[in-house]
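Participant: What follows is the file structure06.cif, containing mmCIF, C-alpha atoms:
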```
data_upload
#
loop_
_atom_site.label_atom_id
_atom_site.label_comp_id
_atom_site.auth_asym_id
_atom_site.auth_seq_id
_atom_site.Cartn_x
_atom_site.Cartn_y
_atom_site.Cartn_z
CA MET A 13 -22.59 16.63 14.00
CA CYS A 14 -21.44 15.40 10.60
CA ARG A 15 -23.29 14.53 7.41
CA LEU A 16 -23.10 11.24 5.51
CA PHE A 17 -23.74 10.13 1.96
CA GLY A 18 -23.49 6.55 0.66
CA PHE A 19 -24.31 5.31 -2.82
CA ARG A 20 -24.38 1.78 -4.25
CA SER A 21 -25.72 0.93 -7.71
CA VAL A 22 -25.62 -1.80 -10.34
CA ILE A 23 -24.34 0.71 -12.89
CA PRO A 24 -21.72 3.49 -12.61
CA SER A 25 -23.51 6.79 -11.98
CA GLN A 26 -22.62 10.43 -11.54
CA VAL A 27 -23.08 11.75 -8.00
CA HIS A 28 -22.51 15.44 -8.78
CA GLU A 29 -26.19 16.26 -8.27
CA SER A 30 -26.24 14.72 -4.78
CA LEU A 31 -22.92 16.24 -3.67
CA VAL A 32 -23.09 19.66 -5.35
CA GLY A 33 -26.10 20.28 -7.60
CA ALA A 34 -29.17 19.39 -5.55
CA GLU A 35 -31.07 21.97 -3.53
CA ASN A 36 -29.93 20.25 -0.34
CA ALA A 37 -26.62 18.88 -1.65
CA LEU A 38 -23.85 17.75 0.68
CA VAL A 39 -21.72 20.79 -0.16
CA LEU A 40 -24.47 23.09 1.17
CA GLN A 41 -24.75 21.01 4.35
CA SER A 42 -21.04 21.73 4.95
CA GLU A 43 -21.95 25.33 5.84
CA ARG A 44 -23.03 23.92 9.22
CA HIS A 45 -20.37 21.18 9.17
CA PRO A 46 -17.16 22.99 8.19
CA ASP A 47 -14.37 20.85 9.69
CA GLY A 48 -13.27 18.84 6.69
CA TRP A 49 -14.63 16.56 4.00
CA GLY A 50 -13.88 13.38 2.12
CA VAL A 51 -15.08 11.49 -0.94
CA ALA A 52 -14.32 7.83 -1.63
CA TYR A 53 -15.23 6.10 -4.89
CA TYR A 54 -14.31 2.80 -6.48
CA VAL A 55 -12.54 2.19 -9.78
CA ALA A 56 -11.91 -1.41 -10.92
CA ASN A 57 -13.00 -2.60 -7.44
CA TYR A 58 -10.45 -0.47 -5.56
CA PRO A 59 -11.18 2.67 -3.55
CA HIS A 60 -9.88 6.11 -4.40
CA LEU A 61 -10.04 8.41 -1.38
CA ILE A 62 -9.71 12.19 -1.44
CA LYS A 63 -9.91 14.19 1.80
CA SER A 64 -9.37 17.70 3.07
CA ALA A 65 -9.49 19.56 6.37
CA SER A 66 -11.11 22.54 4.61
CA GLN A 67 -14.79 23.39 4.43
CA ALA A 68 -16.33 21.68 1.39
CA MET A 69 -18.34 24.76 0.42
CA ASP A 70 -15.16 26.82 0.00
CA ASP A 71 -13.00 24.03 -1.42
CA HIS A 72 -12.74 23.97 -5.22
CA LEU A 73 -11.31 20.43 -5.01
CA PHE A 74 -14.56 19.12 -3.52
CA LYS A 75 -16.56 20.54 -6.41
CA HIS A 76 -14.03 19.27 -8.95
CA VAL A 77 -13.96 15.75 -7.52
CA SER A 78 -17.74 15.65 -7.24
CA GLY A 79 -18.03 16.66 -10.88
CA ILE A 80 -15.85 13.86 -12.25
CA VAL A 81 -16.82 10.94 -10.03
CA SER A 82 -18.77 8.21 -11.80
CA SER A 83 -18.83 4.95 -9.90
CA GLU A 84 -21.02 2.09 -8.69
CA THR A 85 -20.04 2.90 -5.09
CA VAL A 86 -19.43 6.27 -3.42
CA VAL A 87 -19.15 7.39 0.21
CA ALA A 88 -18.90 11.07 1.12
CA HIS A 89 -18.74 12.94 4.43
CA VAL A 90 -18.62 16.49 5.75
CA ARG A 91 -17.34 16.86 9.29
CA ALA A 92 -18.33 18.83 12.36
CA ALA A 93 -15.61 17.86 14.82
CA THR A 94 -16.43 16.49 18.28
CA HIS A 95 -13.14 14.68 19.04
CA GLY A 96 -9.78 15.25 17.38
CA VAL A 97 -8.16 18.31 15.87
CA LEU A 98 -8.93 19.60 12.38
CA SER A 99 -6.52 17.69 10.17
CA LEU A 100 -6.38 15.50 7.10
CA ILE A 101 -5.95 12.28 9.08
CA ASN A 102 -9.02 13.07 11.20
CA SER A 103 -11.24 13.75 8.19
CA HIS A 104 -13.63 11.01 7.06
CA PRO A 105 -14.02 8.61 5.34
CA PHE A 106 -11.40 6.23 6.76
CA GLN A 107 -9.88 3.41 4.73
CA PHE A 108 -8.46 -0.04 5.45
CA GLY A 109 -7.72 -2.09 2.35
CA ARG A 110 -10.88 -2.03 0.28
CA TRP A 111 -13.06 -0.98 3.23
CA ILE A 112 -14.34 2.60 3.52
CA PHE A 113 -16.06 3.90 6.66
CA ALA A 114 -17.74 7.14 7.72
CA HIS A 115 -19.39 8.05 11.03
CA ASN A 116 -21.89 10.65 12.14
CA GLY A 117 -21.87 10.66 15.90
CA ASN A 118 -20.05 10.97 19.15
CA ILE A 119 -18.73 8.82 21.98
CA PRO A 120 -19.07 10.93 25.17
CA ASP A 121 -16.07 11.03 27.50
CA PHE A 122 -14.05 9.36 24.74
CA GLU A 123 -10.71 10.51 26.14
CA ASN A 124 -11.33 8.53 29.34
CA ILE A 125 -12.44 5.29 27.65
CA ARG A 126 -10.18 5.44 24.59
CA GLU A 127 -7.55 3.09 26.03
CA LYS A 128 -10.25 0.61 27.11
CA LEU A 129 -11.53 0.53 23.53
CA ILE A 130 -8.07 0.45 21.96
CA ALA A 131 -7.16 -2.56 24.11
CA GLN A 132 -9.91 -4.54 22.38
CA ILE A 133 -8.27 -4.02 18.96
CA PRO A 134 -5.46 -6.48 18.08
CA PRO A 135 -2.01 -4.82 17.85
CA VAL A 136 -1.73 -5.76 14.17
CA LYS A 137 -4.62 -3.37 13.42
CA ARG A 138 -4.11 -0.95 16.30
CA ARG A 139 -0.93 0.37 14.68
CA PHE A 140 -2.94 1.71 11.72
CA ILE A 141 -4.88 4.17 13.90
CA LEU A 142 -3.24 7.46 12.97
CA GLY A 143 -5.60 10.15 14.25
CA ASN A 144 -7.27 10.96 17.56
CA THR A 145 -10.97 10.67 16.73
CA ASP A 146 -13.52 8.35 18.27
CA SER A 147 -14.65 7.50 14.74
CA GLU A 148 -11.36 5.90 13.72
CA VAL A 149 -11.29 3.72 16.86
CA LEU A 150 -14.90 2.73 16.13
CA PHE A 151 -13.85 1.72 12.61
CA TYR A 152 -11.05 -0.55 13.77
CA LEU A 153 -13.23 -2.17 16.42
CA LEU A 154 -15.72 -2.91 13.67
CA LEU A 155 -13.02 -4.26 11.34
CA ASP A 156 -11.81 -6.66 14.02
CA ASN A 157 -15.34 -7.95 14.60
CA MET A 158 -15.79 -8.33 10.86
CA GLU A 159 -12.55 -10.27 10.42
CA ARG A 160 -13.57 -12.72 13.13
CA ARG A 161 -16.50 -13.66 10.88
CA TYR A 162 -15.06 -13.58 7.33
CA ASP A 163 -11.85 -12.71 5.48
CA LEU A 164 -11.80 -8.92 5.06
CA HIS A 165 -9.86 -9.12 1.81
CA ARG A 166 -12.06 -11.64 -0.01
CA SER A 167 -14.81 -10.53 -2.36
CA GLY A 168 -18.39 -11.27 -1.47
CA TYR A 169 -18.30 -10.28 2.19
CA PRO A 170 -21.63 -11.64 3.58
CA LEU A 171 -24.14 -9.00 4.56
CA GLU A 172 -25.28 -11.15 7.49
CA ASP A 173 -21.73 -11.14 8.88
CA LEU A 174 -21.45 -7.37 8.47
CA ASP A 175 -24.78 -6.95 10.25
CA GLY A 176 -23.54 -9.12 13.12
CA ALA A 177 -20.24 -7.24 13.37
CA ILE A 178 -22.04 -3.88 13.53
CA ARG A 179 -24.28 -5.18 16.33
CA GLN A 180 -21.30 -6.48 18.31
CA THR A 181 -19.37 -3.21 17.88
CA VAL A 182 -22.31 -1.08 19.01
CA GLU A 183 -22.69 -3.31 22.06
CA GLN A 184 -18.97 -2.96 22.86
CA ILE A 185 -19.17 0.84 22.73
CA GLN A 186 -22.32 0.91 24.83
CA GLU A 187 -20.77 -1.39 27.44
CA ALA A 188 -17.51 0.61 27.60
CA SER A 189 -19.33 3.93 27.91
CA GLY A 190 -22.19 2.72 30.10
CA LEU A 191 -24.57 4.50 27.72
CA SER A 192 -27.15 3.63 25.07
CA CYS A 193 -27.47 5.24 21.64
CA PHE A 194 -31.15 5.91 22.23
CA ASP A 195 -31.39 7.40 25.72
CA ASP A 196 -30.70 11.06 24.86
CA ASN A 197 -27.20 10.91 26.32
CA GLU A 198 -25.19 12.02 23.25
CA LEU A 199 -23.84 8.57 22.36
CA TYR A 200 -24.37 8.45 18.60
CA LEU A 201 -23.15 5.64 16.34
CA THR A 202 -24.69 6.32 12.93
CA LEU A 203 -22.35 4.96 10.26
CA VAL A 204 -21.87 3.76 6.68
CA ILE A 205 -19.36 1.08 5.63
CA THR A 206 -18.57 -0.60 2.29
CA ASN A 207 -15.91 -2.53 0.41
CA GLY A 208 -17.32 -1.38 -2.91
CA GLU A 209 -19.64 -4.40 -3.11
CA THR A 210 -21.35 -4.99 0.22
CA MET A 211 -22.61 -1.78 1.84
CA ALA A 212 -24.44 -1.28 5.14
CA ALA A 213 -25.52 1.57 7.39
CA HIS A 214 -26.57 1.71 11.04
CA GLN A 215 -28.87 4.38 12.46
CA GLY A 216 -27.27 4.90 15.83
CA GLY A 217 -29.16 7.87 17.20
CA LYS A 218 -28.49 10.40 14.43
CA ASP A 219 -30.95 10.65 11.56
CA LEU A 220 -30.18 8.70 8.40
CA LEU A 221 -32.44 8.28 5.38
CA PHE A 222 -32.31 5.71 2.60
CA SER A 223 -33.68 5.33 -0.90
CA THR A 224 -34.01 2.28 -3.14
CA HIS A 225 -36.44 3.62 -5.71
CA LYS A 226 -37.65 6.70 -7.57
CA THR A 227 -41.10 8.12 -8.22
CA ARG A 228 -40.37 7.57 -11.92
CA CYS A 229 -36.91 6.84 -13.29
CA PRO A 230 -35.99 9.37 -16.01
CA GLU A 231 -33.91 6.65 -17.74
CA ARG A 232 -36.58 3.94 -17.58
CA ASP A 233 -36.80 3.69 -21.39
CA SER A 234 -33.06 3.60 -22.04
CA CYS A 235 -31.40 1.97 -19.01
CA PRO A 236 -30.51 -1.71 -19.67
CA SER A 237 -30.75 -2.43 -15.92
CA PHE A 238 -34.20 -0.94 -15.39
CA SER A 239 -36.55 -3.15 -13.37
CA SER A 240 -39.74 -2.77 -11.35
CA SER A 241 -37.64 -2.34 -8.17
CA CYS A 242 -36.42 1.01 -9.52
CA GLU A 243 -39.89 2.46 -8.92
CA THR A 244 -41.28 0.19 -6.20
CA PRO A 245 -40.53 0.08 -2.46
CA LEU A 246 -39.23 -3.28 -1.20
CA GLU A 247 -38.76 -4.78 2.26
CA SER A 248 -36.40 -7.42 0.86
CA GLY A 249 -35.20 -8.74 -2.47
CA PHE A 250 -32.92 -7.31 -5.13
CA VAL A 251 -32.58 -3.60 -5.85
CA ASN A 252 -30.71 -1.64 -8.49
CA HIS A 253 -29.57 1.14 -6.18
CA LEU A 254 -29.29 2.02 -2.50
CA ILE A 255 -28.56 5.54 -1.27
CA PHE A 256 -28.00 6.76 2.27
CA SER A 257 -28.09 10.43 3.23
CA SER A 258 -28.28 12.41 6.45
CA GLU A 259 -30.86 14.64 4.82
CA ALA A 260 -33.29 14.08 1.95
CA LEU A 261 -31.88 15.23 -1.36
CA HIS A 262 -34.40 16.82 -3.71
CA GLY A 263 -35.08 14.97 -6.94
CA THR A 264 -36.87 11.81 -8.05
CA ASN A 265 -35.57 9.52 -5.29
CA VAL A 266 -38.11 8.48 -2.64
CA TRP A 267 -36.62 8.79 0.86
CA ASP A 268 -37.51 6.86 4.00
CA SER A 269 -36.14 7.43 7.49
CA MET A 270 -34.22 4.61 9.15
CA ARG A 271 -35.54 3.65 12.57
CA ASP A 272 -33.46 3.76 15.75
CA GLY A 273 -31.12 0.78 15.78
CA GLU A 274 -31.94 -0.22 12.21
CA ILE A 275 -29.25 -1.75 9.98
CA ILE A 276 -29.86 -1.62 6.22
CA GLY A 277 -27.61 -2.86 3.46
CA VAL A 278 -27.01 -4.70 0.21
CA ASP A 279 -24.64 -7.56 -0.50
CA TRP A 280 -22.42 -7.98 -3.57
CA ARG A 281 -25.43 -9.17 -5.59
CA MET A 282 -27.47 -6.11 -4.53
CA ARG A 283 -29.72 -8.20 -2.31
CA PHE A 284 -31.42 -5.75 0.05
CA GLN A 285 -31.83 -6.48 3.76
CA LYS A 286 -33.18 -4.72 6.87
CA SER A 287 -32.78 -5.62 10.52
CA THR A 288 -33.16 -3.81 13.83
CA MET A 289 -31.04 -4.08 16.98
CA THR A 290 -32.83 -4.77 20.26
CA GLN A 291 -32.69 -1.60 22.34
#
```
Can you present the structure in this file as structure tokens?
Facilitator:
Amino acid sequence: MCRLFGFRSVIPSQVHESLVGAENALVLQSERHPDGWGVAYYVANYPHLIKSASQAMDDHLFKHVSGIVSSETVVAHVRAATHGVLSLINSHPFQFGRWIFAHNGNIPDFENIREKLIAQIPPVKRRFILGNTDSEVLFYLLLDNMERRYDLHRSGYPLEDLDGAIRQTVEQIQEASGLSCFDDNELYLTLVITNGETMAAHQGGKDLLFSTHKTRCPERDSCPSFSSSCETPLESGFVNHLIFSSEALHGTNVWDSMRDGEIIGVDWRMRFQKSTMTQ
């Protein structure tokens, strides 16, 4: 399966350590996930997306991009293909307008239910599906459910609406496949999605960890945004950063595992929220 990384912060930050420098950095995880990579980051509220069908560990571009990225929002992905050929258009993350999406998972028997799922996506969005992965179809199903709740292109997309759209999309996939994410049947819908402001992740059967605080922030005496939440675990309230990763990255961040069916995110104000789908 693939590996995910999502980062949201109140201040622009370098992600080189997480993607390349850390002992368990994403580039090292690509040794077991060699089928392409992608990094999306936001500049002036708009996403910049760089992808490749090469293995991140052997791709100098991945290391170069990871070294220069400084942003309040970053999503990165290394791929181990389950559906779809190795190609640029099948590499994650996927983009629609300001929305960036990455998936770690699998829809079993996707070839036989693809048309059933595609039929649930309005033609105006269906025409943007360029590859042949289950992940891209999942993304456009989610976008449609999101747009039914709130304008996709407006700032301040409500976290509650994103949570509801994720729930509805997971239920659609489970109904179409006749499977559940949590019954050991290889239906996995772990994902990260953001528009650069609101960010959310769903643990859909594949491990995902999150971090909102550090043991002790090394910039606590110089950072103008430092607050108690930077070093204290919270169940709700406002945080200064939120990080998702398929594996714990060594350093000062404190990592917690997301539970099966859990949805975690922050809105445009960095208000932190947890919820869990009924299994």
Participant: Given 5 Å of margin on each side, can you work out the centre and size in Å (one decimal) of an axis-aligned box holding every listed atom of stretch 114-129 of chain A, as AutoDock Vina command-line options?
Facilitator:
```
--center_x -14.7 --center_y 5.8 --center_z 18.5 --size_x 24.3 --size_y 20.5 --size_z 31.6
```
Participant: Which residues would end up in the selection if the PyMOL selection byres ((chain A and resi 160) around 12) were applied here, given that I need the answer as an MDAnalysis selection string?
Facilitator: chainID A and resid 133:134 153:159 161:164 173:174 176:177 180
Participant: With only C-alpha atoms as the basis for distance, which of A:Ser64, A:Thr85, A:Thr224, A:Ser240 is at the shortest distance from A:Arg110?
Facilitator: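 Result for the nearest residue to A:Arg110: A:Thr85.
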Participant: For this structure, which residues satisfy the selection - the PyMOL selection byres ((chain A and resi 151) around 12) - when it is evaluated on the file as given? I want them as an MDAnalysis selection string.
Facilitator: chainID A and resid 104:108 111:115 129:130 133 137:138 140:141 143 145:150 152:158 177:178 181:182 185 201:206
Participant: What gap, in Å, lies between atom CA of A:Asn144 and atom CA of A:Gly18?
Facilitator: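 So the two atoms, atom CA of A:Asn144 and atom CA of A:Gly18, lie 23.8 Å apart.
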Participant: Given the PyMOL selection byres ((chain A and resi 267) around 12) and the file above, list the residues it selects as a ChimeraX atom specification.
Facilitator: /A:220-227,245,254-266,268-270
Participant: Could you work out how far atom CA of A:Arg179 lies from atom CA of A:Cys242, giving the answer in Å with one decimal?
Facilitator: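 Taking atom CA of A:Cys242 as the start and atom CA of A:Arg179 as the end point, the length is 29.2 Å.
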